[in-house]
file data33.pdb (PDB, C-alpha atoms)
ATOM      1  CA  MET A 293       7.202 130.238 116.492
ATOM      2  CA  LYS A 294       4.249 132.017 114.939
ATOM      3  CA  THR A 295       0.717 131.230 115.840
ATOM      4  CA  PHE A 296      -1.808 130.069 113.317
ATOM      5  CA  GLN A 297      -3.663 133.394 113.498
ATOM      6  CA  THR A 298      -0.478 135.338 112.742
ATOM      7  CA  ARG A 299       0.205 133.182 109.686
ATOM      8  CA  ARG A 300      -3.399 133.578 108.515
ATOM      9  CA  ARG A 301      -3.186 137.367 108.853
ATOM     10  CA  ARG A 302       0.037 137.440 106.872
ATOM     11  CA  ALA A 303      -1.502 135.258 104.153
ATOM     12  CA  ALA A 304      -4.545 137.571 104.022
ATOM     13  CA  LYS A 305      -2.278 140.617 103.648
ATOM     14  CA  LEU A 306      -0.427 138.925 100.778
ATOM     15  CA  THR A 307      -3.725 138.046  99.141
ATOM     16  CA  ASN A 308      -4.907 141.641  99.373
ATOM     17  CA  PHE A 309      -1.582 143.038  98.171
ATOM     18  CA  PHE A 310      -1.161 140.741  95.160
ATOM     19  CA  GLY A 311      -4.850 140.302  94.436
ATOM     20  CA  VAL A 312      -4.280 136.553  94.242
ATOM     21  CA  ASP A 313      -4.755 133.759  96.738
ATOM     22  CA  TYR A 314      -1.536 132.837  98.560
ATOM     23  CA  ARG A 315      -1.738 129.206  97.449
ATOM     24  CA  MET A 316      -2.134 130.205  93.810
ATOM     25  CA  LEU A 317       0.786 132.605  94.062
ATOM     26  CA  VAL A 318       3.101 130.026  95.624
ATOM     27  CA  GLY A 319       1.963 127.410  93.106
ATOM     28  CA  ASP A 320       2.776 129.715  90.201
ATOM     29  CA  ILE A 321       6.188 130.517  91.676
ATOM     30  CA  LEU A 322       7.029 126.835  92.156
ATOM     31  CA  GLU A 323       5.963 126.051  88.571
ATOM     32  CA  SER A 324       8.113 128.888  87.265
ATOM     33  CA  ILE A 325      11.130 127.631  89.199
ATOM     34  CA  GLU A 326      10.501 124.106  87.916
ATOM     35  CA  GLU A 327      10.444 125.359  84.301
ATOM     36  CA  ASP A 328      13.659 127.308  84.861
ATOM     37  CA  VAL A 329      15.414 124.256  86.303
ATOM     38  CA  GLU A 330      14.352 122.201  83.276
ATOM     39  CA  GLN A 331      15.626 124.910  80.895
ATOM     40  CA  GLU A 332      18.950 125.204  82.705
ATOM     41  CA  SER A 333      19.294 121.435  82.606
ATOM     42  CA  ARG A 334      18.715 121.375  78.833
ATOM     43  CA  ARG A 335      21.266 124.181  78.383
ATOM     44  CA  GLY A 336      23.819 122.167  80.320
ATOM     45  CA  ALA A 337      24.132 124.676  83.170
ATOM     46  CA  LEU A 338      23.077 121.967  85.638
ATOM     47  CA  GLN A 339      24.360 118.438  85.888
ATOM     48  CA  PRO A 340      21.613 115.834  85.353
ATOM     49  CA  HIS A 341      21.778 114.666  88.976
ATOM     50  CA  GLU A 342      21.535 118.289  90.200
ATOM     51  CA  ALA A 343      18.490 118.959  88.040
ATOM     52  CA  GLN A 344      16.786 115.745  89.168
ATOM     53  CA  ASP A 345      17.470 116.559  92.816
ATOM     54  CA  LEU A 346      16.053 120.081  92.452
ATOM     55  CA  LEU A 347      13.002 118.892  90.532
ATOM     56  CA  GLN A 348      12.320 116.207  93.117
ATOM     57  CA  LYS A 349      12.486 118.783  95.925
ATOM     58  CA  LEU A 350      10.213 121.199  94.042
ATOM     59  CA  ARG A 351       7.643 118.478  93.394
ATOM     60  CA  LYS A 352       7.762 117.484  97.048
ATOM     61  CA  LEU A 353       7.059 121.107  98.018
ATOM     62  CA  LYS A 354       4.146 121.203  95.603
ATOM     63  CA  THR A 355       2.584 118.042  97.017
ATOM     64  CA  LYS A 356       3.027 119.267 100.601
ATOM     65  CA  ARG A 357       0.901 122.291  99.750
ATOM     66  CA  LEU A 358      -2.070 120.141  98.676
TER      67      LEU A 358
END

call {"tool": "encode", "arguments": {"input": "data33.pdb", "output": "C-alpha cells"}}
result
Amino acid sequence: MKTFQTRRRRAAKLTNFFGVDYRMLVGDILESIEEDVEQESRRGALQPHEAQDLLQKLRKLKTKRL
C-alpha cells in the first residue's frame, strides 16, 4: 500500500505533466465517460439497465471525489 506522501508526489507529477490539477483532470475524464455512456445508450449499443448501472457507478465515483 502506498503512503500518503507517495500519492501526493504522484499527483504533483501529473499536475506538472498535464498542466492541470489532478482533480480537474479526473473530473473531466469521468464527465467524458458519462457522456459516452449516454450516447451509446441512445444508439442502442447498451441495454437500459447496463447504462443505468454504469451511470450510477460513475456518479458514485464523482461524489466520492468531493

call {"tool": "resolve_selection", "arguments": {"input": "data33.pdb", "expression": "the PyMOL selection byres ((chain A and resi 346) around 12)", "output": "list in words"}}
result
Leu322, Ile325, Glu326, Glu327, Asp328, Val329, Glu330, Glu332, Ser333, Leu338, Gln339, Pro340, His341, Glu342, Ala343, Gln344, Asp345, Leu347, Gln348, Lys349, Leu350, Arg351, Lys352 and Leu353 of chain A

call {"tool": "closest_atom_pairs", "arguments": {"input": "data33.pdb", "of": "segment 316-354 of chain A", "to": "segment 304-310 of chain A", "cutoff": "12 Å", "atoms": "all atoms listed in the file", "output": "tab-separated table"}}
result
residue	atom	partner	partner_atom	distance
A:Met316	CA	A:Thr307	CA	9.6
A:Leu317	CA	A:Phe310	CA	8.4
A:Val318	CA	A:Leu306	CA	10.9

call {"tool": "write_last_selection", "arguments": {"input": "data33.pdb", "atoms": "C-alpha atoms", "output": "compact mmCIF listing (two decimals), in the coordinates of the input"}}
result
# COMPACT_ATOMS: atom_id res chain seq x y z
CA MET A 316 -2.13 130.21 93.81
CA LEU A 317 0.79 132.60 94.06
CA VAL A 318 3.10 130.03 95.62

call {"tool": "atom_distance", "arguments": {"input": "data33.pdb", "atom1": "atom CA of Lys356 of chain A", "atom2": "atom CA of Arg302 of chain A"}}
result
19.5 Å

call {"tool": "atom_distance", "arguments": {"input": "data33.pdb", "atom1": "atom CA of Ile321 of chain A", "atom2": "atom CA of Thr295 of chain A"}}
result
24.8 Å

call {"tool": "build_atoms", "arguments": {"input": "data33.pdb", "residues": "segment 310-328 of chain A", "atoms": "N, CA and C atoms", "output": "PDB file, keeping the file's coordinate frame"}}
result
ATOM      1  N   PHE A 310      -1.361 141.267  96.505  1.00  0.00           N
ATOM      2  CA  PHE A 310      -1.161 140.741  95.160  1.00  0.00           C
ATOM      3  C   PHE A 310      -2.465 140.536  94.403  1.00  0.00           C
ATOM      4  N   GLY A 311      -3.572 140.526  95.102  1.00  0.00           N
ATOM      5  CA  GLY A 311      -4.850 140.302  94.436  1.00  0.00           C
ATOM      6  C   GLY A 311      -5.041 138.854  94.020  1.00  0.00           C
ATOM      7  N   VAL A 312      -4.239 137.966  94.580  1.00  0.00           N
ATOM      8  CA  VAL A 312      -4.280 136.553  94.242  1.00  0.00           C
ATOM      9  C   VAL A 312      -4.167 135.761  95.534  1.00  0.00           C
ATOM     10  N   ASP A 313      -4.839 134.633  95.578  1.00  0.00           N
ATOM     11  CA  ASP A 313      -4.755 133.759  96.738  1.00  0.00           C
ATOM     12  C   ASP A 313      -3.313 133.303  96.942  1.00  0.00           C
ATOM     13  N   TYR A 314      -2.896 133.236  98.193  1.00  0.00           N
ATOM     14  CA  TYR A 314      -1.536 132.837  98.560  1.00  0.00           C
ATOM     15  C   TYR A 314      -1.152 131.498  97.944  1.00  0.00           C
ATOM     16  N   ARG A 315      -2.044 130.534  98.001  1.00  0.00           N
ATOM     17  CA  ARG A 315      -1.738 129.206  97.449  1.00  0.00           C
ATOM     18  C   ARG A 315      -1.515 129.265  95.945  1.00  0.00           C
ATOM     19  N   MET A 316      -2.319 130.053  95.254  1.00  0.00           N
ATOM     20  CA  MET A 316      -2.134 130.205  93.810  1.00  0.00           C
ATOM     21  C   MET A 316      -0.787 130.856  93.511  1.00  0.00           C
ATOM     22  N   LEU A 317      -0.467 131.880  94.264  1.00  0.00           N
ATOM     23  CA  LEU A 317       0.786 132.605  94.062  1.00  0.00           C
ATOM     24  C   LEU A 317       1.980 131.679  94.263  1.00  0.00           C
ATOM     25  N   VAL A 318       1.997 130.943  95.347  1.00  0.00           N
ATOM     26  CA  VAL A 318       3.101 130.026  95.624  1.00  0.00           C
ATOM     27  C   VAL A 318       3.151 128.929  94.560  1.00  0.00           C
ATOM     28  N   GLY A 319       2.010 128.432  94.155  1.00  0.00           N
ATOM     29  CA  GLY A 319       1.963 127.410  93.106  1.00  0.00           C
ATOM     30  C   GLY A 319       2.564 127.910  91.808  1.00  0.00           C
ATOM     31  N   ASP A 320       2.225 129.134  91.417  1.00  0.00           N
ATOM     32  CA  ASP A 320       2.776 129.715  90.201  1.00  0.00           C
ATOM     33  C   ASP A 320       4.289 129.905  90.307  1.00  0.00           C
ATOM     34  N   ILE A 321       4.749 130.322  91.472  1.00  0.00           N
ATOM     35  CA  ILE A 321       6.188 130.517  91.676  1.00  0.00           C
ATOM     36  C   ILE A 321       6.923 129.182  91.575  1.00  0.00           C
ATOM     37  N   LEU A 322       6.386 128.151  92.211  1.00  0.00           N
ATOM     38  CA  LEU A 322       7.029 126.835  92.156  1.00  0.00           C
ATOM     39  C   LEU A 322       7.061 126.298  90.726  1.00  0.00           C
ATOM     40  N   GLU A 323       5.995 126.492  89.970  1.00  0.00           N
ATOM     41  CA  GLU A 323       5.963 126.051  88.571  1.00  0.00           C
ATOM     42  C   GLU A 323       6.996 126.798  87.748  1.00  0.00           C
ATOM     43  N   SER A 324       7.129 128.091  87.985  1.00  0.00           N
ATOM     44  CA  SER A 324       8.113 128.888  87.265  1.00  0.00           C
ATOM     45  C   SER A 324       9.535 128.411  87.566  1.00  0.00           C
ATOM     46  N   ILE A 325       9.810 128.130  88.818  1.00  0.00           N
ATOM     47  CA  ILE A 325      11.130 127.631  89.199  1.00  0.00           C
ATOM     48  C   ILE A 325      11.386 126.271  88.546  1.00  0.00           C
ATOM     49  N   GLU A 326      10.363 125.433  88.531  1.00  0.00           N
ATOM     50  CA  GLU A 326      10.501 124.106  87.916  1.00  0.00           C
ATOM     51  C   GLU A 326      10.837 124.240  86.428  1.00  0.00           C
ATOM     52  N   GLU A 327      10.162 125.129  85.721  1.00  0.00           N
ATOM     53  CA  GLU A 327      10.444 125.359  84.301  1.00  0.00           C
ATOM     54  C   GLU A 327      11.861 125.870  84.096  1.00  0.00           C
ATOM     55  N   ASP A 328      12.299 126.773  84.964  1.00  0.00           N
ATOM     56  CA  ASP A 328      13.659 127.308  84.861  1.00  0.00           C
ATOM     57  C   ASP A 328      14.708 126.230  85.088  1.00  0.00           C
TER      58      ASP A 328
END
